[in-house]
$ cat target.cif   # mmCIF, C-alpha atoms
data_start
#
loop_
_atom_site.label_atom_id
_atom_site.label_comp_id
_atom_site.auth_asym_id
_atom_site.auth_seq_id
_atom_site.Cartn_x
_atom_site.Cartn_y
_atom_site.Cartn_z
CA SER C 1 -68.47 84.13 147.07
CA GLN C 2 -67.75 82.84 143.61
CA LYS C 3 -69.37 84.64 140.73
CA ILE C 4 -69.10 85.65 137.09
CA GLU C 5 -70.06 89.16 136.06
CA GLN C 6 -70.98 90.43 132.64
CA ASN C 7 -72.26 93.89 131.88
CA SER C 8 -76.02 93.64 132.27
CA GLU C 9 -76.58 96.76 130.20
CA ALA C 10 -77.05 96.21 126.50
CA LEU C 11 -74.26 97.32 124.21
CA ASN C 12 -75.33 99.36 121.19
CA ILE C 13 -72.79 99.97 118.44
CA GLN C 14 -72.73 101.04 114.83
CA GLU C 15 -72.10 98.55 112.06
CA GLY C 16 -68.43 98.30 111.19
CA LYS C 17 -67.21 99.21 114.66
CA THR C 18 -65.54 96.84 117.12
CA ALA C 19 -67.70 95.50 119.94
CA THR C 20 -65.95 94.69 123.21
CA LEU C 21 -67.67 92.66 125.90
CA THR C 22 -66.28 92.04 129.37
CA CYS C 23 -66.40 89.03 131.64
CA ASN C 24 -65.05 89.29 135.18
CA TYR C 25 -64.90 86.50 137.70
CA THR C 26 -64.02 86.23 141.36
CA ASN C 27 -62.74 83.41 143.52
CA TYR C 28 -62.25 81.01 140.65
CA SER C 29 -59.05 79.74 139.08
CA PRO C 30 -60.46 78.25 135.89
CA ALA C 31 -58.37 76.15 133.59
CA TYR C 32 -60.25 77.69 130.66
CA LEU C 33 -63.01 80.05 129.78
CA GLN C 34 -65.58 79.83 126.99
CA TRP C 35 -67.75 82.28 125.08
CA TYR C 36 -71.15 81.40 123.66
CA ARG C 37 -73.70 83.24 121.55
CA GLN C 38 -77.40 82.96 122.29
CA ASP C 39 -80.19 84.19 120.05
CA PRO C 40 -83.73 84.73 121.41
CA GLY C 41 -85.61 81.48 121.89
CA ARG C 42 -82.60 79.31 121.11
CA GLY C 43 -79.90 77.47 122.98
CA PRO C 44 -76.38 78.91 123.25
CA VAL C 45 -73.87 78.22 120.49
CA PHE C 46 -70.19 77.74 121.31
CA LEU C 47 -67.82 80.33 119.86
CA LEU C 48 -64.38 80.15 121.43
CA LEU C 49 -62.46 78.51 124.27
CA ILE C 50 -59.31 80.05 125.74
CA ARG C 51 -57.04 78.24 128.17
CA GLU C 52 -55.34 79.75 131.20
CA ASN C 53 -51.94 79.64 129.51
CA GLU C 54 -53.23 81.49 126.43
CA LYS C 55 -53.35 85.27 126.43
CA GLU C 56 -55.32 85.66 123.24
CA LYS C 57 -57.29 83.58 120.77
CA ARG C 58 -58.75 84.54 117.41
CA LYS C 59 -61.35 83.09 115.11
CA GLU C 60 -62.30 85.06 112.01
CA ARG C 61 -63.67 88.41 113.30
CA LEU C 62 -63.65 87.25 116.92
CA LYS C 63 -60.88 87.75 119.46
CA VAL C 64 -60.80 86.69 123.08
CA THR C 65 -58.27 87.64 125.73
CA PHE C 66 -57.80 86.02 129.12
CA ASP C 67 -56.02 87.78 131.97
CA THR C 68 -55.78 85.44 134.94
CA THR C 69 -54.22 88.17 137.09
CA LEU C 70 -57.12 90.56 136.53
CA LYS C 71 -59.54 87.61 136.44
CA GLN C 72 -61.02 89.01 133.28
CA SER C 73 -61.78 87.99 129.72
CA LEU C 74 -62.52 90.41 126.91
CA PHE C 75 -64.47 89.36 123.82
CA HIS C 76 -64.08 91.47 120.68
CA ILE C 77 -66.05 91.41 117.44
CA THR C 78 -64.34 93.43 114.74
CA ALA C 79 -66.14 94.91 111.71
CA SER C 80 -69.42 94.20 113.47
CA GLN C 81 -72.56 93.45 111.48
CA PRO C 82 -76.27 93.60 112.36
CA ALA C 83 -76.25 89.77 112.23
CA ASP C 84 -73.89 89.82 115.23
CA SER C 85 -76.75 91.14 117.37
CA ALA C 86 -77.33 88.54 120.10
CA THR C 87 -76.59 87.82 123.74
CA TYR C 88 -73.04 86.72 124.48
CA LEU C 89 -72.35 84.49 127.45
CA CYS C 90 -69.07 83.69 129.10
CA ALA C 91 -68.65 80.42 130.95
CA LEU C 92 -65.98 78.66 132.95
CA ASP C 93 -65.37 75.37 134.66
CA PRO C 94 -64.23 76.42 138.12
CA THR C 95 -62.73 73.21 139.37
CA GLY C 96 -61.22 71.78 136.24
CA GLY C 97 -64.29 69.64 136.43
CA PHE C 98 -67.35 70.00 134.35
CA LYS C 99 -69.92 71.94 136.29
CA THR C 100 -69.88 74.81 133.86
CA ILE C 101 -70.80 78.17 135.37
CA PHE C 102 -72.33 80.76 133.02
CA GLY C 103 -72.54 84.51 133.30
CA ALA C 104 -75.89 86.20 132.73
CA GLY C 105 -74.76 87.48 129.33
CA THR C 106 -74.51 90.84 127.61
CA ARG C 107 -76.97 91.79 124.89
CA LEU C 108 -75.31 93.30 121.81
CA PHE C 109 -77.19 95.39 119.25
CA VAL C 110 -75.41 96.32 116.04
CA LYS C 111 -77.16 99.09 114.09
CA ALA C 112 -76.94 99.32 110.33
CA GLY S 1 -78.10 62.82 114.89
CA ALA S 2 -78.03 66.25 113.39
CA GLY S 3 -78.04 67.97 116.74
CA VAL S 4 -79.39 67.88 120.25
CA SER S 5 -83.16 67.64 120.35
CA GLN S 6 -85.50 68.28 123.24
CA SER S 7 -89.16 67.60 123.77
CA PRO S 8 -91.61 69.01 124.31
CA SER S 9 -90.67 72.46 123.08
CA ASN S 10 -93.28 74.00 125.33
CA LYS S 11 -95.01 72.64 128.40
CA VAL S 12 -97.74 74.33 130.42
CA THR S 13 -98.71 72.61 133.63
CA GLU S 14 -100.58 73.28 136.80
CA LYS S 15 -98.88 73.75 140.12
CA GLY S 16 -98.43 70.44 141.90
CA LYS S 17 -98.26 68.30 138.76
CA ASP S 18 -95.23 66.28 137.72
CA VAL S 19 -93.48 66.94 134.40
CA GLU S 20 -90.94 65.00 132.40
CA LEU S 21 -88.59 66.66 129.93
CA ARG S 22 -86.65 64.70 127.35
CA CYS S 23 -83.25 65.24 125.75
CA ASP S 24 -81.75 63.35 122.82
CA PRO S 25 -78.01 64.10 122.63
CA ILE S 26 -75.80 63.94 119.58
CA SER S 27 -74.93 60.35 118.83
CA GLY S 28 -71.54 59.42 120.24
CA HIS S 29 -71.43 62.20 122.81
CA THR S 30 -70.57 60.75 126.19
CA ALA S 31 -71.35 63.83 128.28
CA LEU S 32 -74.81 65.32 128.78
CA TYR S 33 -75.75 68.41 130.77
CA TRP S 34 -78.99 69.98 131.98
CA TYR S 35 -79.34 73.69 132.68
CA ARG S 36 -82.16 75.99 133.72
CA GLN S 37 -82.49 79.52 132.36
CA ARG S 38 -84.94 81.92 133.92
CA LEU S 39 -86.14 84.89 131.89
CA GLY S 40 -83.35 87.38 131.32
CA GLN S 41 -80.85 85.40 133.34
CA GLY S 42 -77.86 83.20 132.68
CA LEU S 43 -77.76 79.43 132.65
CA GLU S 44 -77.96 77.62 135.95
CA PHE S 45 -76.20 74.23 136.00
CA LEU S 46 -78.41 71.39 137.21
CA ILE S 47 -76.71 68.05 136.51
CA TYR S 48 -74.31 66.32 134.20
CA PHE S 49 -73.81 62.72 133.11
CA GLN S 50 -70.65 61.20 131.68
CA GLY S 51 -70.63 57.66 130.37
CA ASN S 52 -71.52 55.20 133.09
CA SER S 53 -70.16 57.33 135.92
CA ALA S 54 -72.42 58.52 138.70
CA PRO S 55 -73.97 61.84 137.70
CA ASP S 56 -73.01 65.10 139.39
CA LYS S 57 -76.33 66.14 140.93
CA SER S 58 -74.93 69.03 142.94
CA GLY S 59 -76.83 71.65 140.97
CA LEU S 60 -80.29 70.22 141.42
CA PRO S 61 -82.27 72.86 143.35
CA SER S 62 -84.37 70.46 145.43
CA ASP S 63 -85.30 66.82 145.82
CA ARG S 64 -88.28 67.44 143.56
CA PHE S 65 -85.81 67.41 140.66
CA SER S 66 -84.33 64.19 139.34
CA ALA S 67 -82.72 63.07 136.12
CA GLU S 68 -81.84 59.82 134.47
CA ARG S 69 -79.82 58.81 131.47
CA THR S 70 -79.82 55.45 129.76
CA GLY S 71 -76.26 54.62 128.82
CA GLU S 72 -75.01 57.30 126.47
CA SER S 73 -78.38 58.10 124.96
CA VAL S 74 -81.61 59.76 125.98
CA SER S 75 -81.96 61.65 129.25
CA THR S 76 -85.08 62.69 131.11
CA LEU S 77 -85.40 65.45 133.67
CA THR S 78 -88.33 65.01 136.01
CA ILE S 79 -89.79 67.72 138.20
CA GLN S 80 -92.27 66.52 140.79
CA ARG S 81 -94.94 68.66 142.39
CA THR S 82 -94.09 71.63 140.21
CA GLN S 83 -94.04 75.11 141.68
CA GLN S 84 -94.41 78.45 139.92
CA GLU S 85 -90.74 79.21 140.50
CA ASP S 86 -89.90 76.18 138.36
CA SER S 87 -91.08 78.16 135.30
CA ALA S 88 -88.06 78.57 133.03
CA VAL S 89 -86.42 77.25 129.89
CA TYR S 90 -84.69 73.95 130.51
CA LEU S 91 -81.71 73.44 128.24
CA CYS S 92 -79.87 70.24 127.51
CA ALA S 93 -76.38 70.05 126.02
CA SER S 94 -74.06 67.26 125.04
CA SER S 95 -70.34 67.08 124.34
CA LEU S 96 -67.98 64.50 122.97
CA ASP S 97 -66.41 64.20 126.38
CA LEU S 98 -66.44 66.16 129.61
CA GLY S 99 -64.86 69.56 129.17
CA ASP S 100 -65.33 69.67 125.41
CA GLU S 101 -67.43 72.19 123.50
CA GLN S 102 -71.07 71.82 124.46
CA PHE S 103 -73.81 71.59 121.84
CA PHE S 104 -77.14 72.85 123.09
CA GLY S 105 -80.67 71.83 122.22
CA PRO S 106 -83.42 74.40 121.65
CA GLY S 107 -84.75 74.00 125.17
CA THR S 108 -88.11 73.23 126.73
CA ARG S 109 -90.07 76.24 127.94
CA LEU S 110 -91.90 75.21 131.11
CA THR S 111 -94.72 77.34 132.46
CA VAL S 112 -96.25 76.43 135.79
CA LEU S 113 -99.60 78.10 136.38
#
$ encode --input "target.cif" --output "structure tokens"
Amino acid sequence: SQKIEQNSEALNIQEGKTATLTCNYTNYSPAYLQWYRQDPGRGPVFLLLIRENEKEKRKERLKVTFDTTLKQSLFHITASQPADSATYLCALDPTGGFKTIFGAGTRLFVKA
Amino acid sequence: GAGVSQSPSNKVTEKGKDVELRCDPISGHTALYWYRQRLGQGLEFLIYFQGNSAPDKSGLPSDRFSAERTGESVSTLTIQRTQQEDSAVYLCASSLDLGDEQFFGPGTRLTVL
């Protein structure tokens, strides 16, 4: 069956360290993959999109990798800050269409 | 507009009642999406609209769920004969075009007693 998996356990790290979140998918061949941030009680906010022909994408302290062979995307936050604490969702459009499929998200806690 | 807005922000209803949820997308956005998010879970796609094309209703969980959109503006999601399992946050998003970055509203928290 088709599915997206993100680590359901919360990730706790110390301020200043790099946070790495994983998104694995099976039985999809997405043209691109997206990462969103969601704070409690609010809708998700788009962060980055990476296409299948891109290995890596960066935006300020954020970096995303996309390995279509491993069917995995890694999301890194460098020099993490307590304000980075949130749930991070990965999402993909499995058919090149627009029925976006979201993972359940990984909760990140950054301690001061 | 400044962003996607949804109303009401909270809705408590009794089992068996009908509810209507509203979404106002960002002006000029041709694509509009509805999602459901149960507590502690990811987003579940329900339906999307794009321009005047027929909507993709493949994610609607049952025939009690329906949605409409007037042109490229407001959309309403209607749930008939609500059940307790319908309790969730219903999120609406819009994008400039299909496949573009999605901008989400704050959601409507629906509680069915």
$ atom_distance --input "target.cif" --atom1 "atom CA of Glu52 of chain C" --atom2 "atom CA of Leu33 of chain C"
7.8 Å
$ atom_distance --input "target.cif" --atom1 "atom CA of Leu21 of chain C" --atom2 "atom CA of Phe75 of chain C"
5.0 Å
$ interface_residues --input "target.cif" --of "chain C" --to "chain S" --cutoff "12 Å" --atoms "only C-alpha atoms" --output "PyMOL selection string"
chain C and resi 3-6+8-10+30-51+87-107
$ residues_around --input "target.cif" --residues "Lys11 of chain S" --least-positions-apart "2" --cutoff "10 Å" --atoms "only C-alpha atoms" --output "mmCIF file with C-alpha atoms, in the coordinates of the input"
data_model
loop_
_atom_site.group_PDB
_atom_site.id
_atom_site.type_symbol
_atom_site.label_atom_id
_atom_site.label_comp_id
_atom_site.auth_asym_id
_atom_site.auth_seq_id
_atom_site.Cartn_x
_atom_site.Cartn_y
_atom_site.Cartn_z
ATOM 1 C CA SER S 7 -89.160 67.600 123.770
ATOM 2 C CA PRO S 8 -91.610 69.010 124.310
ATOM 3 C CA SER S 9 -90.670 72.460 123.080
ATOM 4 C CA THR S 13 -98.710 72.610 133.630
ATOM 5 C CA VAL S 19 -93.480 66.940 134.400
ATOM 6 C CA GLU S 20 -90.940 65.000 132.400
ATOM 7 C CA LEU S 21 -88.590 66.660 129.930
ATOM 8 C CA SER S 87 -91.080 78.160 135.300
ATOM 9 C CA VAL S 89 -86.420 77.250 129.890
ATOM 10 C CA THR S 108 -88.110 73.230 126.730
ATOM 11 C CA ARG S 109 -90.070 76.240 127.940
ATOM 12 C CA LEU S 110 -91.900 75.210 131.110
ATOM 13 C CA THR S 111 -94.720 77.340 132.460
ATOM 14 C CA VAL S 112 -96.250 76.430 135.790
#
$ atom_distance --input "target.cif" --atom1 "atom CA of Ser94 of chain S" --atom2 "atom CA of Ala54 of chain S"
16.3 Å
$ axis_aligned_box --input "target.cif" --around "segment 30-42 of chain C" --padding-each-side "6 Å" --output "AutoDock Vina command-line options"
--center_x -72.0 --center_y 80.4 --center_z 128.0 --size_x 39.2 --size_y 20.6 --size_z 27.8
$ build_atoms --input "target.cif" --residues "segment 5-19 of chain S" --atoms "N, CA, C and O atoms" --output "mmCIF file, in the frame of the given file"
data_model
loop_
_atom_site.group_PDB
_atom_site.id
_atom_site.type_symbol
_atom_site.label_atom_id
_atom_site.label_comp_id
_atom_site.auth_asym_id
_atom_site.auth_seq_id
_atom_site.Cartn_x
_atom_site.Cartn_y
_atom_site.Cartn_z
ATOM 1 N N SER S 5 -81.732 67.335 120.416
ATOM 2 C CA SER S 5 -83.160 67.640 120.350
ATOM 3 C C SER S 5 -83.781 67.499 121.733
ATOM 4 O O SER S 5 -83.307 66.706 122.556
ATOM 5 N N GLN S 6 -84.810 68.302 121.962
ATOM 6 C CA GLN S 6 -85.500 68.280 123.240
ATOM 7 C C GLN S 6 -86.998 68.268 122.981
ATOM 8 O O GLN S 6 -87.483 68.849 122.010
ATOM 9 N N SER S 7 -87.700 67.602 123.884
ATOM 10 C CA SER S 7 -89.160 67.600 123.770
ATOM 11 C C SER S 7 -89.773 67.563 125.165
ATOM 12 O O SER S 7 -89.171 67.019 126.097
ATOM 13 N N PRO S 8 -90.967 68.169 125.312
ATOM 14 C CA PRO S 8 -91.610 69.010 124.310
ATOM 15 C C PRO S 8 -90.904 70.354 124.187
ATOM 16 O O PRO S 8 -90.049 70.684 124.997
ATOM 17 N N SER S 9 -91.265 71.136 123.204
ATOM 18 C CA SER S 9 -90.670 72.460 123.080
ATOM 19 C C SER S 9 -91.301 73.427 124.076
ATOM 20 O O SER S 9 -90.645 74.345 124.561
ATOM 21 N N ASN S 10 -92.563 73.203 124.345
ATOM 22 C CA ASN S 10 -93.280 74.000 125.330
ATOM 23 C C ASN S 10 -94.120 73.085 126.202
ATOM 24 O O ASN S 10 -94.694 72.099 125.714
ATOM 25 N N LYS S 11 -94.190 73.415 127.479
ATOM 26 C CA LYS S 11 -95.010 72.640 128.400
ATOM 27 C C LYS S 11 -95.662 73.598 129.389
ATOM 28 O O LYS S 11 -94.973 74.355 130.079
ATOM 29 N N VAL S 12 -96.988 73.557 129.437
ATOM 30 C CA VAL S 12 -97.740 74.330 130.420
ATOM 31 C C VAL S 12 -98.377 73.342 131.372
ATOM 32 O O VAL S 12 -99.041 72.399 130.930
ATOM 33 N N THR S 13 -98.178 73.536 132.647
ATOM 34 C CA THR S 13 -98.710 72.610 133.630
ATOM 35 C C THR S 13 -99.274 73.367 134.818
ATOM 36 O O THR S 13 -99.008 74.554 135.006
ATOM 37 N N GLU S 14 -100.024 72.672 135.606
ATOM 38 C CA GLU S 14 -100.580 73.280 136.800
ATOM 39 C C GLU S 14 -99.683 72.995 138.000
ATOM 40 O O GLU S 14 -99.063 71.918 138.080
ATOM 41 N N LYS S 15 -99.650 73.909 138.892
ATOM 42 C CA LYS S 15 -98.880 73.750 140.120
ATOM 43 C C LYS S 15 -99.249 72.438 140.800
ATOM 44 O O LYS S 15 -100.423 72.079 140.914
ATOM 45 N N GLY S 16 -98.205 71.704 141.211
ATOM 46 C CA GLY S 16 -98.430 70.440 141.900
ATOM 47 C C GLY S 16 -98.323 69.210 141.009
ATOM 48 O O GLY S 16 -98.178 68.091 141.512
ATOM 49 N N LYS S 17 -98.387 69.422 139.686
ATOM 50 C CA LYS S 17 -98.260 68.300 138.760
ATOM 51 C C LYS S 17 -96.795 67.930 138.534
ATOM 52 O O LYS S 17 -95.893 68.754 138.734
ATOM 53 N N ASP S 18 -96.574 66.715 138.096
ATOM 54 C CA ASP S 18 -95.230 66.280 137.720
ATOM 55 C C ASP S 18 -95.025 66.494 136.217
ATOM 56 O O ASP S 18 -95.962 66.354 135.431
ATOM 57 N N VAL S 19 -93.787 66.822 135.829
ATOM 58 C CA VAL S 19 -93.480 66.940 134.400
ATOM 59 C C VAL S 19 -92.198 66.178 134.091
ATOM 60 O O VAL S 19 -91.334 66.006 134.956
#
